[in-house]
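The file input01.txt contains compact mmCIF, C-alpha atoms:
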# COMPACT_ATOMS: atom_id res chain seq x y z
CA MET A 676 55.52 -5.60 -71.16
CA GLU A 677 54.88 -9.27 -71.13
CA SER A 678 52.18 -10.53 -73.36
CA GLY A 679 50.58 -13.19 -71.09
CA ASN A 680 50.74 -11.41 -67.74
CA ILE A 681 47.72 -9.21 -66.86
CA SER A 682 48.92 -8.06 -63.50
CA SER A 683 52.37 -7.24 -62.36
CA GLN A 684 51.59 -8.30 -58.76
CA PRO A 685 52.47 -11.76 -57.65
CA ARG A 686 49.58 -14.17 -57.42
CA THR A 687 48.18 -14.89 -53.97
CA LYS A 688 48.00 -18.48 -53.02
CA PRO A 689 44.66 -19.93 -51.82
CA GLU A 690 46.30 -20.91 -48.52
CA ASP A 691 47.31 -17.31 -47.92
CA LEU A 692 43.78 -16.15 -48.70
CA LYS A 693 42.36 -18.67 -46.26
CA GLU A 694 44.74 -17.52 -43.54
CA LYS A 695 43.93 -13.88 -44.18
CA ALA A 696 40.20 -14.62 -44.09
CA LYS A 697 40.60 -16.47 -40.78
CA GLU A 698 42.58 -13.61 -39.29
CA THR A 699 40.05 -11.06 -40.51
CA GLY A 700 37.26 -13.22 -39.08
CA ARG A 701 39.04 -13.45 -35.72
CA ASN A 702 39.61 -9.71 -35.61
CA LEU A 703 36.03 -9.04 -36.55
CA GLY A 704 34.81 -11.56 -33.97
CA GLU A 705 36.89 -9.91 -31.26
CA ARG A 706 35.57 -6.46 -32.14
CA VAL A 707 31.96 -7.68 -32.22
CA GLY A 708 32.49 -9.45 -28.89
CA GLU A 709 33.97 -6.31 -27.32
CA ALA A 710 31.12 -4.18 -28.66
CA ALA A 711 28.52 -6.67 -27.43
CA GLY A 712 30.17 -6.87 -24.02
CA SER A 713 30.29 -3.10 -23.77
CA ALA A 714 26.65 -2.78 -24.82
CA ALA A 715 25.63 -5.48 -22.36
CA GLN A 716 27.50 -3.73 -19.55
CA ARG A 717 25.84 -0.39 -20.38
CA ALA A 718 22.43 -2.08 -20.48
CA SER A 719 23.12 -3.81 -17.17
CA ASP A 720 24.22 -0.52 -15.58
CA ALA A 721 21.11 1.25 -16.89
CA ALA A 722 18.83 -1.52 -15.62
CA SER A 723 20.50 -1.49 -12.23
CA SER A 724 20.19 2.28 -12.00
CA ALA A 725 16.53 2.13 -13.04
CA GLY A 726 15.87 -0.62 -10.51
CA GLN A 727 17.43 1.43 -7.74
CA LYS A 728 15.36 4.46 -8.70
CA VAL A 729 12.17 2.38 -8.71
CA GLN A 730 12.98 0.96 -5.29
CA GLU A 731 13.73 4.42 -3.92
CA THR A 732 10.51 5.82 -5.36
CA ALA A 733 8.53 2.89 -3.93
CA ARG A 734 10.07 3.47 -0.50
CA ASN A 735 9.24 7.17 -0.67
CA VAL A 736 5.66 6.52 -1.76
CA GLY A 737 5.25 3.86 0.93
CA GLN A 738 6.56 6.23 3.59
CA LYS A 739 4.21 9.00 2.43
CA VAL A 740 1.23 6.64 2.49
CA GLN A 741 2.19 5.44 5.94
CA ASP A 742 2.56 9.02 7.18
CA ALA A 743 -0.82 9.98 5.71
CA ALA A 744 -2.46 6.93 7.27
CA SER A 745 -0.88 7.76 10.61
CA ARG A 746 -2.17 11.33 10.44
CA THR A 747 -5.63 10.07 9.49
CA VAL A 748 -5.70 7.65 12.42
CA GLU A 749 -4.54 10.41 14.74
CA LYS A 750 -7.26 12.78 13.52
CA THR A 751 -9.87 10.03 13.79
CA ASP A 752 -8.77 9.26 17.34
CA GLN A 753 -9.06 12.95 18.22
CA ALA A 754 -12.55 13.15 16.69
CA ILE A 755 -13.67 10.03 18.54
CA SER A 756 -12.29 11.42 21.78
CA GLY A 757 -14.29 14.61 21.18
CA VAL A 758 -17.45 12.56 20.66
CA GLY A 759 -16.66 10.78 23.93
CA GLU A 760 -16.41 14.16 25.67
CA ARG A 761 -19.80 15.22 24.29
CA ILE A 762 -21.41 11.93 25.33
CA SER A 763 -20.04 12.32 28.85
CA SER A 764 -21.34 15.89 28.91
CA ALA A 765 -24.77 14.64 27.80
CA ALA A 766 -24.73 12.13 30.69
CA GLN A 767 -24.04 14.98 33.13
CA SER A 768 -26.82 17.07 31.59
CA LEU A 769 -29.25 14.15 31.90
CA ARG A 770 -28.35 13.75 35.54
CA GLY A 771 -28.97 17.45 36.06
CA VAL A 772 -32.48 17.51 34.57
CA ALA A 773 -33.84 14.04 35.43
CA PRO A 774 -35.62 13.35 38.70
CA ARG A 775 -33.52 11.55 41.28
CA GLU A 776 -36.22 9.28 42.60
CA GLY A 777 -38.78 6.90 41.24
CA MET A 778 -38.83 4.75 38.16
CA ILE A 779 -37.97 7.62 35.79
CA GLY A 780 -35.08 8.70 38.01
CA SER A 781 -33.73 5.15 38.13
CA ALA A 782 -34.01 4.76 34.35
CA ALA A 783 -32.38 8.16 33.79
CA GLU A 784 -29.50 7.24 36.10
CA THR A 785 -28.98 3.94 34.27
CA VAL A 786 -28.94 5.74 30.91
CA ALA A 787 -26.55 8.38 32.30
CA GLU A 788 -24.20 5.68 33.65
CA ASN A 789 -24.18 3.90 30.28
CA LEU A 790 -23.58 7.20 28.46
CA GLU A 791 -20.75 8.00 30.86
CA ALA A 792 -19.16 4.56 30.33
CA GLY A 793 -19.50 4.89 26.54
CA GLY A 794 -18.00 8.37 26.60
CA GLN A 795 -15.11 7.20 28.73
CA TYR A 796 -14.49 4.27 26.38
CA LEU A 797 -14.39 6.62 23.37
CA ARG A 798 -12.01 9.02 25.14
CA GLU A 799 -9.59 6.32 26.23
CA HIS A 800 -9.46 4.01 23.20
CA GLY A 801 -8.25 4.69 19.68
CA ILE A 802 -9.80 3.47 16.45
CA GLN A 803 -7.41 0.50 16.20
CA GLU A 804 -8.36 -0.72 19.67
CA MET A 805 -12.04 -0.34 18.82
CA MET A 806 -11.64 -2.36 15.64
CA ASP A 807 -9.84 -5.05 17.64
CA ASP A 808 -12.67 -5.06 20.18
CA VAL A 809 -15.31 -5.39 17.43
CA GLY A 810 -13.35 -8.29 15.92
CA THR A 811 -13.17 -10.00 19.31
CA LEU A 812 -16.89 -9.46 19.86
CA ILE A 813 -17.71 -10.95 16.45
CA ARG A 814 -15.48 -13.98 17.12
CA ARG A 815 -17.13 -14.56 20.51
CA HIS A 816 -20.68 -14.13 19.20
CA PRO A 817 -20.67 -14.93 15.48
CA LEU A 818 -24.38 -15.73 15.01
CA PRO A 819 -25.76 -12.53 16.58
CA ALA A 820 -23.09 -10.55 14.69
CA PHE A 821 -24.20 -12.15 11.44
CA PHE A 822 -27.86 -11.33 12.07
CA MET A 823 -27.01 -7.75 13.06
CA GLY A 824 -24.98 -7.32 9.88
CA PHE A 825 -27.74 -8.88 7.80
CA GLY A 826 -30.36 -6.64 9.43
CA ALA A 827 -28.26 -3.51 8.96
CA GLY A 828 -27.69 -4.42 5.31
CA PHE A 829 -31.40 -5.05 4.80
CA LEU A 830 -32.34 -1.69 6.34
CA LEU A 831 -29.67 0.13 4.35
CA GLY A 832 -30.83 -1.54 1.14
CA ALA A 833 -34.46 -0.61 1.86
CA ALA A 834 -33.49 3.00 2.59
CA LEU A 835 -31.45 3.29 -0.62
CA ARG A 836 -34.21 1.69 -2.71
CA ARG A 837 -36.70 4.38 -1.65
CA ARG A 838 -34.54 7.21 -2.97
Produce structure tokens that represent the structure in this file.
Amino acid sequence: MESGNISSQPRTKPEDLKEKAKETGRNLGERVGEAAGSAAQRASDAASSAGQKVQETARNVGQKVQDAASRTVEKTDQAISGVGERISSAAQSLRGVAPREGMIGSAAETVAENLEAGGQYLREHGIQEMMDDVGTLIRRHPLPAFFMGFGAGFLLGAALRRR
């Protein structure tokens, strides 16, 4: 055994160490980059899948709401048509019991005609058409519509205050 030599392995030069460190750094960098890319791809796939599921769920919910609204409108139209039938029937009943002559007969016939027209309107028009007609009426006569709304609100407020 030699007296001055601690290790039997040859000494590594600093240049070799630098090169090895660079190579190890490159390898490590490549592995980290691959892992990051893979993780990013998985995250992107998961986000895309989640986005598609959210869109599908939103479409389904929207369709269900639309179907429910359609059924509600249909039922409302049927109920309004039934009210129209009853109003028309009331007009016929009024004609049957009211006198045909004189001032009372004339007034009864006018009321019966207006009831008949109202009943026919309710039978023939759906809720959407009625809302359109009310909107048109309000646009044509805004001031009277405002006062009617104000009066109805006042009466409703007074009625609720008494309770």
Within 12 Å of Gly771 (chain A) using all atoms listed in the file, minus same-chain residues under 4 positions, as a ChimeraX atom specification: /A:764-767,775,780,783-784,787
Could you jot down the CA of Ala820 (chain A) to CA of Met806 (chain A) separation for me, Å, one decimal place? 14.1 Å
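Among the candidates A:Gln753, A:Ala827, A:Val786, A:Ala773, the one nearest to Gly801 (chain A) when counting only C-alpha atoms is A:Gln753.
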Ref. answer, residues at most 12 Å from (-10.0, 3.8, 23.2) with all atoms listed in the file, as a PyMOL selection string: chain A and resi 751-759+792-808
So what do you get for CA of Leu835 (chain A) versus CA of Met823 (chain A), distance-wise? 18.1 Å
Specify the axis-aligned box that encloses all atoms of region 701-704 of chain A listed in the file after padding of 4 Å on each side, stating its centre and edge lengths in Å to one decimal as JSON.
{"center_x": 37.2, "center_y": -11.2, "center_z": -35.3, "size_x": 12.8, "size_y": 12.4, "size_z": 10.6}
Computed gap from CA of Pro774 (chain A) to CA of Leu790 (chain A) is 17.0 Å
